[in-house]
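Printed here is entry-v1.txt (compact mmCIF, N, CA and C atoms and all ligand atoms):
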```
# COMPACT_ATOMS: atom_id res chain seq x y z
N MET A 1470 72.69 65.81 -14.90
CA MET A 1470 72.55 67.11 -15.58
C MET A 1470 72.06 66.89 -17.01
N MET A 1471 71.08 67.62 -17.40
CA MET A 1471 70.57 67.45 -18.76
C MET A 1471 71.53 68.00 -19.79
N LYS A 1472 71.39 67.51 -21.00
CA LYS A 1472 72.25 67.97 -22.09
C LYS A 1472 71.43 68.70 -23.14
N VAL A 1473 72.05 69.67 -23.75
CA VAL A 1473 71.40 70.41 -24.83
C VAL A 1473 71.68 69.68 -26.14
N VAL A 1474 70.66 69.54 -26.98
CA VAL A 1474 70.85 68.90 -28.27
C VAL A 1474 70.41 69.83 -29.40
N THR A 1475 70.91 69.56 -30.58
CA THR A 1475 70.46 70.27 -31.76
C THR A 1475 69.36 69.45 -32.42
N ALA A 1476 68.28 70.12 -32.83
CA ALA A 1476 67.20 69.44 -33.52
C ALA A 1476 66.91 70.16 -34.83
N TYR A 1477 66.23 69.46 -35.72
CA TYR A 1477 65.92 70.01 -37.04
C TYR A 1477 64.42 70.02 -37.26
N ARG A 1478 63.92 71.15 -37.70
CA ARG A 1478 62.49 71.29 -37.95
C ARG A 1478 62.24 71.34 -39.46
N CYS A 1479 61.19 70.65 -39.89
CA CYS A 1479 60.85 70.63 -41.31
C CYS A 1479 60.47 72.04 -41.77
N GLU A 1480 61.04 72.49 -42.88
CA GLU A 1480 60.73 73.84 -43.36
C GLU A 1480 59.37 73.89 -44.05
N HIS A 1481 58.78 72.73 -44.34
CA HIS A 1481 57.50 72.72 -45.06
C HIS A 1481 56.31 72.65 -44.10
N CYS A 1482 56.26 71.61 -43.31
CA CYS A 1482 55.12 71.48 -42.39
C CYS A 1482 55.37 72.26 -41.10
N GLU A 1483 56.63 72.50 -40.78
CA GLU A 1483 57.01 73.25 -39.58
C GLU A 1483 56.53 72.60 -38.29
N LYS A 1484 56.16 71.32 -38.40
CA LYS A 1484 55.75 70.61 -37.19
C LYS A 1484 56.76 69.54 -36.83
N LYS A 1485 57.14 68.79 -37.85
CA LYS A 1485 58.06 67.67 -37.62
C LYS A 1485 59.40 68.19 -37.13
N ILE A 1486 59.88 67.59 -36.04
CA ILE A 1486 61.19 67.94 -35.49
C ILE A 1486 61.95 66.64 -35.25
N LEU A 1487 63.17 66.60 -35.74
CA LEU A 1487 64.01 65.41 -35.56
C LEU A 1487 65.39 65.82 -35.05
N ILE A 1488 66.01 64.91 -34.34
CA ILE A 1488 67.38 65.11 -33.90
C ILE A 1488 68.34 64.80 -35.05
N SER A 1489 67.92 63.90 -35.92
CA SER A 1489 68.77 63.44 -37.01
C SER A 1489 68.62 64.34 -38.25
N LYS A 1490 69.73 64.92 -38.67
CA LYS A 1490 69.71 65.78 -39.85
C LYS A 1490 69.38 64.97 -41.10
N SER A 1491 69.98 63.79 -41.23
CA SER A 1491 69.70 62.98 -42.42
C SER A 1491 68.25 62.51 -42.41
N GLY A 1492 67.73 62.22 -41.22
CA GLY A 1492 66.32 61.85 -41.10
C GLY A 1492 65.42 62.98 -41.55
N MET A 1493 65.81 64.22 -41.23
CA MET A 1493 65.00 65.36 -41.65
C MET A 1493 65.07 65.57 -43.16
N TYR A 1494 66.23 65.35 -43.76
CA TYR A 1494 66.30 65.41 -45.22
C TYR A 1494 65.31 64.42 -45.85
N LYS A 1495 65.26 63.23 -45.26
CA LYS A 1495 64.33 62.21 -45.78
C LYS A 1495 62.88 62.64 -45.58
N HIS A 1496 62.59 63.17 -44.39
CA HIS A 1496 61.23 63.63 -44.14
C HIS A 1496 60.83 64.73 -45.12
N GLU A 1497 61.70 65.73 -45.28
CA GLU A 1497 61.35 66.87 -46.14
C GLU A 1497 61.11 66.43 -47.58
N ALA A 1498 61.85 65.43 -48.01
CA ALA A 1498 61.69 64.95 -49.39
C ALA A 1498 60.30 64.37 -49.62
N LYS A 1499 59.69 63.83 -48.58
CA LYS A 1499 58.36 63.22 -48.78
C LYS A 1499 57.26 63.92 -47.98
N CYS A 1500 57.60 65.06 -47.38
CA CYS A 1500 56.62 65.77 -46.55
C CYS A 1500 55.40 66.18 -47.40
N PHE A 1501 54.22 65.95 -46.86
CA PHE A 1501 53.00 66.30 -47.58
C PHE A 1501 52.82 67.81 -47.73
N ALA A 1502 53.61 68.57 -47.02
CA ALA A 1502 53.54 70.03 -47.13
C ALA A 1502 54.60 70.59 -48.08
N ASN A 1503 55.41 69.72 -48.65
CA ASN A 1503 56.43 70.15 -49.62
C ASN A 1503 55.77 70.25 -51.00
N PRO A 1504 55.68 71.46 -51.56
CA PRO A 1504 54.93 71.63 -52.81
C PRO A 1504 55.48 70.82 -53.98
N VAL A 1505 56.77 70.52 -53.93
CA VAL A 1505 57.38 69.71 -54.99
C VAL A 1505 56.72 68.33 -55.08
N MET A 1506 56.19 67.86 -53.96
CA MET A 1506 55.60 66.53 -53.92
C MET A 1506 54.16 66.49 -54.42
N LYS A 1507 53.58 67.65 -54.72
CA LYS A 1507 52.20 67.72 -55.21
C LYS A 1507 51.26 66.85 -54.38
N ALA A 1508 51.28 67.12 -53.10
CA ALA A 1508 50.46 66.35 -52.16
C ALA A 1508 49.37 67.23 -51.56
N CYS A 1509 48.54 66.58 -50.78
CA CYS A 1509 47.29 67.22 -50.31
C CYS A 1509 47.49 68.54 -49.58
N ARG A 1510 48.51 68.64 -48.79
CA ARG A 1510 48.62 69.83 -47.96
C ARG A 1510 48.98 71.09 -48.74
N THR A 1511 49.41 70.97 -49.97
CA THR A 1511 49.68 72.15 -50.79
C THR A 1511 48.69 72.25 -51.94
N CYS A 1512 47.60 71.52 -51.86
CA CYS A 1512 46.64 71.43 -52.97
C CYS A 1512 45.38 72.23 -52.68
N SER A 1513 44.90 72.93 -53.71
CA SER A 1513 43.67 73.72 -53.51
C SER A 1513 42.43 72.82 -53.42
N ASN A 1514 42.56 71.56 -53.80
CA ASN A 1514 41.43 70.63 -53.66
C ASN A 1514 41.28 70.05 -52.26
N TYR A 1515 42.34 70.23 -51.47
CA TYR A 1515 42.22 69.79 -50.08
C TYR A 1515 41.21 70.70 -49.39
N THR A 1516 40.32 70.12 -48.66
CA THR A 1516 39.25 70.93 -48.10
C THR A 1516 38.84 70.47 -46.72
N ILE A 1517 38.32 71.41 -45.99
CA ILE A 1517 37.69 71.07 -44.72
C ILE A 1517 36.19 71.04 -44.99
N PHE A 1518 35.63 69.85 -45.00
CA PHE A 1518 34.19 69.71 -45.24
C PHE A 1518 33.41 70.22 -44.05
N ASP A 1519 32.23 70.71 -44.33
CA ASP A 1519 31.38 71.02 -43.19
C ASP A 1519 30.68 69.73 -42.74
N ARG A 1520 30.07 69.80 -41.63
CA ARG A 1520 29.55 68.60 -41.00
C ARG A 1520 28.47 67.90 -41.83
N GLU A 1521 27.65 68.66 -42.51
CA GLU A 1521 26.59 68.04 -43.33
C GLU A 1521 27.16 67.15 -44.42
N VAL A 1522 28.17 67.67 -45.11
CA VAL A 1522 28.79 66.89 -46.19
C VAL A 1522 29.39 65.61 -45.65
N ILE A 1523 30.13 65.74 -44.57
CA ILE A 1523 30.77 64.57 -43.97
C ILE A 1523 29.75 63.53 -43.56
N ASN A 1524 28.66 63.97 -43.01
CA ASN A 1524 27.65 63.00 -42.56
C ASN A 1524 27.12 62.17 -43.72
N THR A 1525 27.05 62.76 -44.91
CA THR A 1525 26.55 61.98 -46.04
C THR A 1525 27.61 61.00 -46.54
N ILE A 1526 28.86 61.25 -46.25
CA ILE A 1526 29.92 60.38 -46.75
C ILE A 1526 30.23 59.26 -45.76
N THR A 1527 30.49 59.61 -44.56
CA THR A 1527 30.98 58.61 -43.60
C THR A 1527 30.08 58.45 -42.39
N GLY A 1528 29.21 59.41 -42.17
CA GLY A 1528 28.39 59.33 -40.98
C GLY A 1528 29.08 59.83 -39.73
N ASP A 1529 30.37 60.11 -39.85
CA ASP A 1529 31.04 60.64 -38.66
C ASP A 1529 31.25 62.15 -38.82
N GLN A 1530 32.01 62.70 -37.95
CA GLN A 1530 32.12 64.15 -37.96
C GLN A 1530 33.55 64.65 -38.20
N MET A 1531 34.35 63.83 -38.84
CA MET A 1531 35.69 64.29 -39.16
C MET A 1531 35.60 65.28 -40.30
N HIS A 1532 36.66 66.04 -40.49
CA HIS A 1532 36.47 67.26 -41.26
C HIS A 1532 37.27 67.46 -42.53
N ASP A 1533 38.26 66.65 -42.81
CA ASP A 1533 39.03 66.98 -44.01
C ASP A 1533 38.79 66.01 -45.15
N GLY A 1534 38.97 66.51 -46.37
CA GLY A 1534 38.72 65.68 -47.53
C GLY A 1534 39.26 66.32 -48.80
N CYS A 1535 38.92 65.73 -49.94
CA CYS A 1535 39.42 66.17 -51.23
C CYS A 1535 38.26 66.53 -52.15
N ASN A 1536 38.30 67.74 -52.69
CA ASN A 1536 37.25 68.18 -53.62
C ASN A 1536 37.38 67.54 -54.99
N TYR A 1537 38.57 67.11 -55.34
CA TYR A 1537 38.78 66.49 -56.65
C TYR A 1537 38.18 65.09 -56.68
N PHE A 1538 38.49 64.29 -55.68
CA PHE A 1538 37.96 62.93 -55.62
C PHE A 1538 36.63 62.84 -54.88
N LYS A 1539 36.24 63.97 -54.27
CA LYS A 1539 35.00 64.01 -53.50
C LYS A 1539 34.98 62.93 -52.43
N LYS A 1540 36.08 62.87 -51.71
CA LYS A 1540 36.17 61.87 -50.65
C LYS A 1540 36.72 62.49 -49.38
N SER A 1541 36.40 61.85 -48.30
CA SER A 1541 36.92 62.23 -47.01
C SER A 1541 38.15 61.39 -46.68
N PHE A 1542 39.11 61.99 -46.01
CA PHE A 1542 40.29 61.23 -45.60
C PHE A 1542 39.99 60.27 -44.46
N GLN A 1543 38.78 60.33 -43.96
CA GLN A 1543 38.40 59.37 -42.94
C GLN A 1543 37.84 58.09 -43.58
N GLU A 1544 37.67 58.13 -44.91
CA GLU A 1544 37.20 56.90 -45.57
C GLU A 1544 38.31 55.89 -45.65
N GLU A 1545 37.93 54.65 -45.50
CA GLU A 1545 38.88 53.54 -45.57
C GLU A 1545 39.66 53.59 -46.90
N GLY A 1546 40.97 53.55 -46.82
CA GLY A 1546 41.78 53.45 -48.04
C GLY A 1546 42.01 54.76 -48.77
N PHE A 1547 41.41 55.87 -48.32
CA PHE A 1547 41.66 57.14 -48.99
C PHE A 1547 42.63 57.96 -48.15
N LYS A 1548 43.84 58.13 -48.67
CA LYS A 1548 44.91 58.74 -47.89
C LYS A 1548 45.56 59.88 -48.65
N PHE A 1549 46.32 60.66 -47.92
CA PHE A 1549 47.17 61.68 -48.57
C PHE A 1549 48.08 60.99 -49.58
N LYS A 1550 48.28 61.66 -50.74
CA LYS A 1550 49.13 61.07 -51.76
C LYS A 1550 50.19 62.07 -52.21
N HIS A 1551 51.23 61.53 -52.78
CA HIS A 1551 52.22 62.34 -53.49
C HIS A 1551 51.89 62.31 -54.99
N PHE A 1552 52.26 63.36 -55.70
CA PHE A 1552 52.07 63.44 -57.16
C PHE A 1552 50.65 63.04 -57.56
N CYS A 1553 49.71 63.67 -56.92
CA CYS A 1553 48.30 63.37 -57.16
C CYS A 1553 47.86 63.99 -58.48
N LYS A 1554 47.04 63.25 -59.26
CA LYS A 1554 46.59 63.79 -60.54
C LYS A 1554 45.61 64.95 -60.38
N GLY A 1555 45.01 65.06 -59.21
CA GLY A 1555 44.08 66.16 -58.96
C GLY A 1555 44.73 67.38 -58.34
N TRP A 1556 46.06 67.34 -58.21
CA TRP A 1556 46.74 68.42 -57.49
C TRP A 1556 46.72 69.74 -58.23
N LYS A 1557 46.35 70.77 -57.50
CA LYS A 1557 46.45 72.14 -58.00
C LYS A 1557 47.06 72.98 -56.89
N PRO A 1558 47.98 73.86 -57.24
CA PRO A 1558 48.63 74.62 -56.16
C PRO A 1558 47.63 75.47 -55.38
N ALA A 1559 47.79 75.43 -54.08
CA ALA A 1559 46.92 76.22 -53.20
C ALA A 1559 47.59 77.54 -52.86
N GLU A 1560 46.78 78.50 -52.51
CA GLU A 1560 47.31 79.72 -51.92
C GLU A 1560 48.03 79.36 -50.62
N GLU A 1561 48.86 80.25 -50.21
CA GLU A 1561 49.52 80.07 -48.90
C GLU A 1561 48.47 79.78 -47.84
N ARG A 1562 48.74 78.78 -47.02
CA ARG A 1562 47.71 78.32 -46.11
C ARG A 1562 48.23 78.33 -44.67
N ASN A 1563 47.39 78.70 -43.79
CA ASN A 1563 47.76 78.65 -42.37
C ASN A 1563 47.25 77.37 -41.74
N TRP A 1564 48.15 76.56 -41.23
CA TRP A 1564 47.75 75.31 -40.62
C TRP A 1564 47.80 75.50 -39.14
ZN ZN B 1601 57.31 68.20 -42.91
```
Any chance you could put this one into structure tokens?
Amino acid sequence: MMKVVTAYRCEHCEKKILISKSGMYKHEAKCFANPVMKACRTCSNYTIFDREVINTITGDQMHDGCNYFKKSFQEEGFKFKHFCKGWKPAEERNW
């Protein structure tokens, strides 16, 4: 017989779900969607590039990047960051 469990969903990204409450506290503290962390997902510089722009950067067709650094997240070594110097608060965003 299956058992029912309690799980915890991140209030910021609303995607991450964990069984561990303490694990979720840890996740929320560093979640890229937590505005306190000044990370890409709450930043107005985060952008979905159109295909032409991406082709000039990486040659592939992936779609997200940063308008501040003018880079694609598909580039080697360019990743989501916390406390980014280019961070500006974004309007409420639907992911
Ligand atoms: Zn999260």
Report, in Å with one decimal, the straight-line distance from atom CA of Met1506 of chain A to atom CA of Trp1556 of chain A.
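Computing the Euclidean distance for atom CA of Met1506 of chain A and atom CA of Trp1556 of chain A yields 9.7 Å.
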Just checking: using only C-alpha atoms, which residue out of A:Cys1479, A:Val1474, A:Ile1517, A:Ile1486 ends up closest to Phe1501 of chain A?
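The closest residue to Phe1501 of chain A is A:Cys1479.
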Please find the residues contacting ligand ZN 1601 (chain B) at a distance of at most 8 Å between atoms, with only C-alpha atoms and all ligand atoms counted, and report them as JSON, numbers by chain.
{"A": [1478, 1479, 1480, 1481, 1482, 1483, 1484, 1485, 1496, 1497, 1499, 1500, 1501, 1502, 1503]}
Excluding Cys1509 of chain A and any residue of its chain fewer than 4 positions from it, enumerate the residues within 7 Å of it, using only N, CA and C atoms, and give them as a tab-separated table (two decimals) with N, CA and C atoms, in the coordinates of the input.
```tsv
chain	number	residue	atom	x	y	z
A	1501	PHE	N	54.22	65.95	-46.86
A	1501	PHE	CA	53.00	66.30	-47.58
A	1501	PHE	C	52.82	67.81	-47.73
A	1502	ALA	N	53.61	68.57	-47.02
A	1502	ALA	CA	53.54	70.03	-47.13
A	1502	ALA	C	54.60	70.59	-48.08
A	1513	SER	N	44.90	72.93	-53.71
A	1513	SER	CA	43.67	73.72	-53.51
A	1513	SER	C	42.43	72.82	-53.42
A	1514	ASN	N	42.56	71.56	-53.80
A	1514	ASN	CA	41.43	70.63	-53.66
A	1514	ASN	C	41.28	70.05	-52.26
A	1515	TYR	N	42.34	70.23	-51.47
A	1515	TYR	CA	42.22	69.79	-50.08
A	1515	TYR	C	41.21	70.70	-49.39
A	1549	PHE	N	46.32	60.66	-47.92
A	1549	PHE	CA	47.17	61.68	-48.57
A	1549	PHE	C	48.08	60.99	-49.58
A	1550	LYS	N	48.28	61.66	-50.74
A	1550	LYS	CA	49.13	61.07	-51.76
A	1550	LYS	C	50.19	62.07	-52.21
A	1551	HIS	N	51.23	61.53	-52.78
A	1551	HIS	CA	52.22	62.34	-53.49
A	1551	HIS	C	51.89	62.31	-54.99
A	1552	PHE	N	52.26	63.36	-55.70
A	1552	PHE	CA	52.07	63.44	-57.16
A	1552	PHE	C	50.65	63.04	-57.56
A	1553	CYS	N	49.71	63.67	-56.92
A	1553	CYS	CA	48.30	63.37	-57.16
A	1553	CYS	C	47.86	63.99	-58.48
```
Expressed in Å to a single decimal, how great is the separation between atom C of Thr1511 of chain A and atom N of Ser1541 of chain A?
16.5 Å
So, counting all atoms listed in the file, which residue among A:Lys1472, A:His1532, A:Lys1507, A:Lys1490 is closest to Lys1554 of chain A?
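Closest candidate: A:Lys1507.
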Please identify which residues in chain A DSSP calls strand (DSSP E or B) from the backbone, and express them as an MDAnalysis selection string.
chainID A and resid 1477:1478 1486:1487 1512 1515:1517 1533:1535 1540:1541 1558
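Assigned to alpha helix (DSSP H) in segment 1471-1561 of chain A, given DSSP computed from backbone atoms, are Lys1490, Ser1491, Gly1492, Met1493, Tyr1494, Lys1495, His1496, Glu1497, Ala1498, Lys1499, Arg1520, Glu1521, Val1522, Ile1523, Asn1524, Thr1525 and Ile1526 of chain A.
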May I ask for the distance between atom N of Gly1534 of chain A and atom CA of Gly1492 of chain A, given in Å to one decimal place?
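Computed distance, atom N of Gly1534 of chain A to atom CA of Gly1492 of chain A, equals 28.2 Å.
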